[in-house]
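Let me begin by presenting the structure, written as structure tokens, before commenting on it.
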Amino acid sequence: LETVPEAIEKWGGRVLSLTLPTAMLKLVGMIPRAVDLDPALLRRLLRAKDRIDVASHMAWTVADLAKISGVSSAYFARSFRAAFGVPPHRYLLTRRIERARALLRDTDLSIIDIAFQTGWDSLGTFGRTFRDITGESPTALRGIEQSAGHRLDAVPHCFVSDANRPDLTIAVSEKRRRAADGRNAPVKGGAS
Amino acid sequence: MTEGVQVVGLYVRDQDEALAFYVEKLGFRVHTDVGNEDYRWLTVQHPDQPSFQLGLFRPQPPSVDAETAKQLDRMVAKGAMPPLVMVVDDCRAAHQRYSGAGVEFIQEPVERFGSVDASFRDPSGNGWKLVEAR
């Protein structure tokens, strides 16, 4: 069974540990299944996702986003995850990493300027998270990207942004833990 | 022109709503609007593009089964359909005109790579990029 160490992630990076498997949570209705979501609700969830896309540097709270979608915070977090496959705060994270990566590639801004422009309030957190997700430090990635040469200027910007988002299917804390353990196997049992 | 792409269709949640959006807000014209009972073949045209029709279709039985139709409605509503691009001479002017008409912009005009672009969605969730010709 799939486990959910990050099934319900509280805003601000604090993780509410859970030991129930996802399938069980779905059975008891704690996580809605994507196939049950009403298209009208999905359209409103998309509106919140669009807002993240255009302003991922902002310090979004679940309450802000839930308001855009017209649902409660708790329901927003669960239904967003069901609709888009990742919890809202991790989706925001992937957008920020994509932005940072684009700025590293396309500008000469300093790393610290990029960190602040993309919504981090600490250079250390930015660098660590960036490395955990992309596998490279911001400086190293800048070198790789700038020497690679891209021909993506012919593609409308938002599609490039969308496609370059890291596919973060597990929580960063989990990714970090697996890297530390030197293994990729799914983790058994409860949360860290 | 005798050969080329003639119709590309979008799935929409409501054809009356889509018709009002594409015609009244974006300035398209109705090309074909025919049907019987539940079935309706509806296409619109950009006024400057007489050889191309944009279809505004419902995913519905019997073309697809009822469950698939529901899934397609969900896909559209969560923005999972392919990219659409409209080219304009002046992106900021088009943005002003469209947003004045009530179009939901998800990105205001931004200048980059020597052009200006913006993004909007139709009521169903189909996403359009509005790009200034270079």
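Chain labels follow the order of the structure tokens: the first chain is A, the next B, and so on; residue numbering restarts at 1 in every chain, and ligands are counted from 1 in their shown order.
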
If you take only C-alpha atoms and a cut-off of 8 Å, which residues of chain A touch chain B, and what are their nearest atom pairs and distances in Å to one decimal, in chain and number order, as JSON lines?
```
{"residue": "A:Val35", "atom": "CA", "partner": "B:Gln71", "partner_atom": "CA", "distance": 7.3}
{"residue": "A:Leu37", "atom": "CA", "partner": "B:Arg74", "partner_atom": "CA", "distance": 7.8}
{"residue": "A:Asp38", "atom": "CA", "partner": "B:Arg74", "partner_atom": "CA", "distance": 7.3}
{"residue": "A:Pro39", "atom": "CA", "partner": "B:Arg74", "partner_atom": "CA", "distance": 4.8}
{"residue": "A:Ala40", "atom": "CA", "partner": "B:Ala77", "partner_atom": "CA", "distance": 7.1}
{"residue": "A:Leu42", "atom": "CA", "partner": "B:Lys78", "partner_atom": "CA", "distance": 5.3}
{"residue": "A:Arg43", "atom": "CA", "partner": "B:Ala77", "partner_atom": "CA", "distance": 4.5}
{"residue": "A:Leu45", "atom": "CA", "partner": "B:Lys78", "partner_atom": "CA", "distance": 7.3}
{"residue": "A:Leu46", "atom": "CA", "partner": "B:Lys78", "partner_atom": "CA", "distance": 5.3}
{"residue": "A:Asp50", "atom": "CA", "partner": "B:Ile106", "partner_atom": "CA", "distance": 6.1}
{"residue": "A:Arg51", "atom": "CA", "partner": "B:Ile106", "partner_atom": "CA", "distance": 7.0}
{"residue": "A:Val54", "atom": "CA", "partner": "B:Gln107", "partner_atom": "CA", "distance": 6.2}
{"residue": "A:Ala83", "atom": "CA", "partner": "B:Lys78", "partner_atom": "CA", "distance": 7.3}
{"residue": "A:Phe84", "atom": "CA", "partner": "B:Lys78", "partner_atom": "CA", "distance": 8.0}
{"residue": "A:Asp153", "atom": "CA", "partner": "B:Phe113", "partner_atom": "CA", "distance": 6.9}
{"residue": "A:Pro156", "atom": "CA", "partner": "B:Lys129", "partner_atom": "CA", "distance": 7.4}
{"residue": "A:Cys158", "atom": "CA", "partner": "B:Lys129", "partner_atom": "CA", "distance": 8.0}
{"residue": "A:Phe159", "atom": "CA", "partner": "B:Pro83", "partner_atom": "CA", "distance": 7.4}
```

Could those residues be written to a file, using all heavy atoms, as a compact mmCIF listing (two decimals), in the first residue's frame?
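Done, and the output landed in selection_27.txt:
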```
# COMPACT_ATOMS: atom_id res chain seq x y z
N VAL A 35 -11.77 11.38 -9.72
CA VAL A 35 -12.89 11.04 -10.61
C VAL A 35 -14.23 11.47 -10.02
O VAL A 35 -15.24 11.48 -10.72
CB VAL A 35 -12.95 9.52 -10.93
CG1 VAL A 35 -11.77 9.14 -11.79
CG2 VAL A 35 -13.03 8.70 -9.67
N LEU A 37 -14.67 14.46 -8.50
CA LEU A 37 -14.76 15.91 -8.37
C LEU A 37 -15.65 16.50 -9.47
O LEU A 37 -15.57 16.12 -10.63
CB LEU A 37 -13.37 16.55 -8.41
CG LEU A 37 -12.47 16.21 -7.22
CD1 LEU A 37 -11.08 16.82 -7.40
CD2 LEU A 37 -13.08 16.68 -5.91
N ASP A 38 -16.46 17.44 -9.06
CA ASP A 38 -17.38 18.12 -9.95
C ASP A 38 -16.59 19.06 -10.87
O ASP A 38 -15.72 19.80 -10.40
CB ASP A 38 -18.36 18.91 -9.08
CG ASP A 38 -19.29 19.76 -9.90
OD1 ASP A 38 -19.65 19.33 -11.01
OD2 ASP A 38 -19.67 20.85 -9.44
N PRO A 39 -16.86 19.05 -12.20
CA PRO A 39 -16.14 19.95 -13.10
C PRO A 39 -16.19 21.42 -12.66
O PRO A 39 -15.20 22.15 -12.83
CB PRO A 39 -16.85 19.75 -14.45
CG PRO A 39 -17.38 18.36 -14.38
CD PRO A 39 -17.76 18.13 -12.94
N ALA A 40 -17.32 21.85 -12.11
CA ALA A 40 -17.42 23.26 -11.67
C ALA A 40 -16.43 23.55 -10.56
O ALA A 40 -15.82 24.63 -10.51
CB ALA A 40 -18.85 23.56 -11.22
N LEU A 42 -13.57 21.83 -10.14
CA LEU A 42 -12.25 21.77 -10.78
C LEU A 42 -11.92 23.09 -11.47
O LEU A 42 -10.78 23.56 -11.41
CB LEU A 42 -12.21 20.63 -11.81
CG LEU A 42 -12.21 19.22 -11.22
CD1 LEU A 42 -12.48 18.19 -12.31
CD2 LEU A 42 -10.88 18.93 -10.54
N ARG A 43 -12.92 23.69 -12.09
CA ARG A 43 -12.70 24.97 -12.77
C ARG A 43 -12.27 26.03 -11.75
O ARG A 43 -11.43 26.89 -12.03
CB ARG A 43 -13.98 25.39 -13.50
CG ARG A 43 -13.87 26.66 -14.33
CD ARG A 43 -12.92 26.48 -15.50
NE ARG A 43 -12.75 27.71 -16.28
CZ ARG A 43 -11.87 28.67 -15.95
NH1 ARG A 43 -11.10 28.53 -14.89
NH2 ARG A 43 -11.76 29.74 -16.70
N LEU A 45 -10.80 25.35 -8.81
CA LEU A 45 -9.46 24.98 -8.34
C LEU A 45 -8.40 25.44 -9.34
O LEU A 45 -7.32 25.90 -8.97
CB LEU A 45 -9.36 23.46 -8.14
CG LEU A 45 -10.21 22.84 -7.03
CD1 LEU A 45 -10.13 21.32 -7.10
CD2 LEU A 45 -9.76 23.33 -5.66
N LEU A 46 -8.75 25.33 -10.63
CA LEU A 46 -7.83 25.78 -11.69
C LEU A 46 -7.55 27.27 -11.54
O LEU A 46 -6.43 27.73 -11.78
CB LEU A 46 -8.45 25.47 -13.06
CG LEU A 46 -7.67 25.96 -14.29
CD1 LEU A 46 -6.30 25.28 -14.37
CD2 LEU A 46 -8.46 25.70 -15.58
N ASP A 50 -3.96 28.82 -11.38
CA ASP A 50 -3.53 29.90 -12.28
C ASP A 50 -2.91 31.06 -11.51
O ASP A 50 -1.95 31.68 -11.98
CB ASP A 50 -4.72 30.42 -13.09
CG ASP A 50 -5.14 29.49 -14.23
OD1 ASP A 50 -4.31 28.67 -14.67
OD2 ASP A 50 -6.30 29.60 -14.69
N ARG A 51 -3.48 31.34 -10.34
CA ARG A 51 -2.95 32.45 -9.55
C ARG A 51 -1.56 32.13 -9.02
O ARG A 51 -0.68 32.98 -8.97
CB ARG A 51 -3.90 32.78 -8.39
CG ARG A 51 -5.26 33.32 -8.87
CD ARG A 51 -5.17 34.75 -9.36
NE ARG A 51 -4.85 35.68 -8.28
CZ ARG A 51 -5.75 36.18 -7.44
NH1 ARG A 51 -7.03 35.87 -7.56
NH2 ARG A 51 -5.38 37.00 -6.47
N VAL A 54 1.05 32.56 -11.89
CA VAL A 54 1.43 33.90 -12.30
C VAL A 54 2.14 34.66 -11.18
O VAL A 54 2.81 35.66 -11.43
CB VAL A 54 0.19 34.66 -12.84
CG1 VAL A 54 -0.65 35.23 -11.72
CG2 VAL A 54 0.59 35.72 -13.83
N ALA A 83 -7.06 16.76 -7.63
CA ALA A 83 -7.21 17.25 -9.00
C ALA A 83 -5.88 17.30 -9.74
O ALA A 83 -5.79 16.95 -10.91
CB ALA A 83 -7.85 18.64 -8.99
N PHE A 84 -4.83 17.76 -9.06
CA PHE A 84 -3.58 18.05 -9.76
C PHE A 84 -2.42 17.14 -9.37
O PHE A 84 -1.30 17.30 -9.85
CB PHE A 84 -3.20 19.53 -9.56
CG PHE A 84 -4.26 20.48 -10.06
CD1 PHE A 84 -4.98 21.28 -9.18
CD2 PHE A 84 -4.57 20.54 -11.41
CE1 PHE A 84 -5.97 22.13 -9.63
CE2 PHE A 84 -5.56 21.40 -11.88
CZ PHE A 84 -6.27 22.19 -10.98
N ASP A 153 13.04 29.88 -27.21
CA ASP A 153 12.44 31.20 -27.34
C ASP A 153 11.36 31.23 -28.40
O ASP A 153 10.59 32.18 -28.50
CB ASP A 153 13.51 32.28 -27.58
CG ASP A 153 14.40 31.95 -28.77
OD1 ASP A 153 14.41 30.77 -29.18
OD2 ASP A 153 15.05 32.86 -29.29
N PRO A 156 5.84 29.77 -26.81
CA PRO A 156 5.25 30.73 -25.87
C PRO A 156 5.64 30.43 -24.43
O PRO A 156 5.65 29.27 -24.01
CB PRO A 156 3.74 30.55 -26.09
CG PRO A 156 3.62 30.08 -27.50
CD PRO A 156 4.85 29.22 -27.72
N CYS A 158 4.54 30.57 -21.31
CA CYS A 158 3.86 29.83 -20.24
C CYS A 158 3.94 28.32 -20.47
O CYS A 158 3.94 27.55 -19.52
CB CYS A 158 2.41 30.27 -20.09
SG CYS A 158 1.38 29.92 -21.51
N PHE A 159 4.05 27.90 -21.73
CA PHE A 159 4.13 26.46 -21.99
C PHE A 159 5.51 25.93 -21.60
O PHE A 159 5.64 24.81 -21.12
CB PHE A 159 3.82 26.16 -23.45
CG PHE A 159 2.52 26.74 -23.91
CD1 PHE A 159 2.43 27.46 -25.08
CD2 PHE A 159 1.37 26.59 -23.12
CE1 PHE A 159 1.22 28.01 -25.49
CE2 PHE A 159 0.17 27.15 -23.51
CZ PHE A 159 0.09 27.86 -24.71
```

Selection near Ile170 in chain A, 9 Å with only C-alpha atoms, sequence-local residues under 3 positions removed, as a ChimeraX atom specification: /A:6,86,90,167,173-175

So which residues of chain B fall under strand (DSSP E) by DSSP, listed as a PyMOL selection string? chain B and resi 7-11+29-36+39-45+53-57+84-88+104-112+115-121+127-132

Those residues with C-alpha atoms, as a PDB file, in the first residue's frame please?
```
ATOM      1  CA  VAL B   7     -11.562  22.623 -38.338  1.00  0.00           C
ATOM      2  CA  VAL B   8      -9.957  22.143 -34.959  1.00  0.00           C
ATOM      3  CA  GLY B   9     -12.336  21.542 -32.100  1.00  0.00           C
ATOM      4  CA  LEU B  10     -12.368  22.398 -28.426  1.00  0.00           C
ATOM      5  CA  TYR B  11     -14.463  20.706 -25.793  1.00  0.00           C
ATOM      6  CA  ARG B  29     -18.206  34.922 -36.058  1.00  0.00           C
ATOM      7  CA  VAL B  30     -20.472  31.909 -36.160  1.00  0.00           C
ATOM      8  CA  HIS B  31     -19.595  29.716 -39.145  1.00  0.00           C
ATOM      9  CA  THR B  32     -21.907  26.744 -38.637  1.00  0.00           C
ATOM     10  CA  ASP B  33     -24.499  26.104 -35.965  1.00  0.00           C
ATOM     11  CA  VAL B  34     -26.602  23.083 -36.779  1.00  0.00           C
ATOM     12  CA  GLY B  35     -27.936  20.083 -34.926  1.00  0.00           C
ATOM     13  CA  ASN B  36     -30.878  18.120 -33.700  1.00  0.00           C
ATOM     14  CA  TYR B  39     -26.386  17.069 -30.929  1.00  0.00           C
ATOM     15  CA  ARG B  40     -25.002  20.417 -32.075  1.00  0.00           C
ATOM     16  CA  TRP B  41     -22.197  21.065 -34.559  1.00  0.00           C
ATOM     17  CA  LEU B  42     -20.994  24.541 -33.713  1.00  0.00           C
ATOM     18  CA  THR B  43     -17.981  26.236 -35.283  1.00  0.00           C
ATOM     19  CA  VAL B  44     -16.787  29.826 -35.128  1.00  0.00           C
ATOM     20  CA  GLN B  45     -14.223  31.769 -37.116  1.00  0.00           C
ATOM     21  CA  GLN B  53     -13.001  27.076 -38.129  1.00  0.00           C
ATOM     22  CA  LEU B  54     -12.758  26.609 -34.398  1.00  0.00           C
ATOM     23  CA  GLY B  55     -15.210  23.941 -33.258  1.00  0.00           C
ATOM     24  CA  LEU B  56     -16.973  24.355 -29.916  1.00  0.00           C
ATOM     25  CA  PHE B  57     -18.118  20.852 -29.126  1.00  0.00           C
ATOM     26  CA  LEU B  84      -3.907  27.330 -27.805  1.00  0.00           C
ATOM     27  CA  VAL B  85      -2.271  30.423 -29.220  1.00  0.00           C
ATOM     28  CA  MET B  86      -3.843  33.497 -30.768  1.00  0.00           C
ATOM     29  CA  VAL B  87      -1.674  36.031 -32.520  1.00  0.00           C
ATOM     30  CA  VAL B  88      -2.468  39.749 -32.427  1.00  0.00           C
ATOM     31  CA  GLU B 104     -10.694  36.084 -17.528  1.00  0.00           C
ATOM     32  CA  PHE B 105      -6.997  36.880 -17.932  1.00  0.00           C
ATOM     33  CA  ILE B 106      -4.639  34.639 -15.992  1.00  0.00           C
ATOM     34  CA  GLN B 107      -1.543  36.586 -16.985  1.00  0.00           C
ATOM     35  CA  GLU B 108      -1.384  40.282 -17.752  1.00  0.00           C
ATOM     36  CA  PRO B 109       0.707  41.365 -20.768  1.00  0.00           C
ATOM     37  CA  VAL B 110       4.439  40.848 -20.197  1.00  0.00           C
ATOM     38  CA  GLU B 111       7.226  41.941 -22.513  1.00  0.00           C
ATOM     39  CA  ARG B 112       9.906  39.325 -23.103  1.00  0.00           C
ATOM     40  CA  SER B 115       7.442  40.365 -27.920  1.00  0.00           C
ATOM     41  CA  VAL B 116       4.488  40.869 -25.590  1.00  0.00           C
ATOM     42  CA  ASP B 117       2.274  38.044 -24.376  1.00  0.00           C
ATOM     43  CA  ALA B 118      -0.687  37.499 -22.068  1.00  0.00           C
ATOM     44  CA  SER B 119      -2.905  34.525 -21.188  1.00  0.00           C
ATOM     45  CA  PHE B 120      -6.606  33.991 -20.716  1.00  0.00           C
ATOM     46  CA  ARG B 121      -9.074  31.149 -20.333  1.00  0.00           C
ATOM     47  CA  GLY B 127      -6.209  28.193 -21.941  1.00  0.00           C
ATOM     48  CA  TRP B 128      -5.173  30.678 -24.607  1.00  0.00           C
ATOM     49  CA  LYS B 129      -1.918  32.485 -25.046  1.00  0.00           C
ATOM     50  CA  LEU B 130      -2.262  35.901 -26.610  1.00  0.00           C
ATOM     51  CA  VAL B 131       0.957  36.668 -28.455  1.00  0.00           C
ATOM     52  CA  GLU B 132       2.032  39.768 -30.296  1.00  0.00           C
TER      53      GLU B 132
END
```

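The space between CA of Pro138 in chain A and CA of Ala180 in chain A spans 20.1 Å.
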
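Taking CA of Arg33 in chain A as the reference point, CA of Ala82 in chain A is found at 5.8 Å.
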
Contacts of Gly119 in chain A within 12 Å, only C-alpha atoms, excl. fewer than 3 positions in-chain, as a list in words: Ile52, Ala55, Ser56, His57, Met58, Ala59, Trp60, Leu92, Leu93, Thr94, Arg95, Arg96, Ile97, Glu98, Arg99, Ala100, Ile112, Asp113, Ile114, Ala115, Phe116, Ser122, Leu123, Thr125 and Phe126 of chain A

For Gln6 in chain B, which residue among B:Ala93, B:Asp65, B:Phe52, B:Arg58 is the nearest when counting only C-alpha atoms? B:Phe52

Identify, with DSSP run on backbone atoms, the residues in range 7-147 of chain A assigned to alpha helix (DSSP H), and express the list as a PyMOL selection string. chain A and resi 22-27+39-54+62-69+73-84+88-106+111-117+123-134+138-147

Ala101 in chain B: which residues within 7 Å, counting only C-alpha atoms, same-chain residues fewer than 3 positions away excluded, as an mmCIF file with N, CA, C and O atoms, in the first residue's frame?
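Resulting contents of around-v3.cif:
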```cif
data_model
loop_
_atom_site.group_PDB
_atom_site.id
_atom_site.type_symbol
_atom_site.label_atom_id
_atom_site.label_comp_id
_atom_site.auth_asym_id
_atom_site.auth_seq_id
_atom_site.Cartn_x
_atom_site.Cartn_y
_atom_site.Cartn_z
ATOM 1 N N LYS B 25 -17.303 38.230 -26.775
ATOM 2 C CA LYS B 25 -16.123 38.762 -26.075
ATOM 3 C C LYS B 25 -14.874 38.791 -26.946
ATOM 4 O O LYS B 25 -14.073 39.699 -26.838
ATOM 5 N N ARG B 97 -9.017 45.390 -24.658
ATOM 6 C CA ARG B 97 -10.322 45.174 -25.299
ATOM 7 C C ARG B 97 -11.014 43.950 -24.703
ATOM 8 O O ARG B 97 -12.168 44.004 -24.301
ATOM 9 N N TYR B 98 -10.271 42.845 -24.621
ATOM 10 C CA TYR B 98 -10.868 41.599 -24.126
ATOM 11 C C TYR B 98 -11.206 41.673 -22.640
ATOM 12 O O TYR B 98 -12.256 41.216 -22.209
#
```

Coordinates-based distance that separates CA of Asp122 in chain B from CA of Phe21 in chain B (Å, one decimal): 7.1 Å

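Of the residues listed (A:Thr107, A:Gln117, A:Thr169, A:Gln146), A:Thr169 shows the shortest atom-to-atom separation from Ile133 in chain A; distances use only C-alpha atoms.
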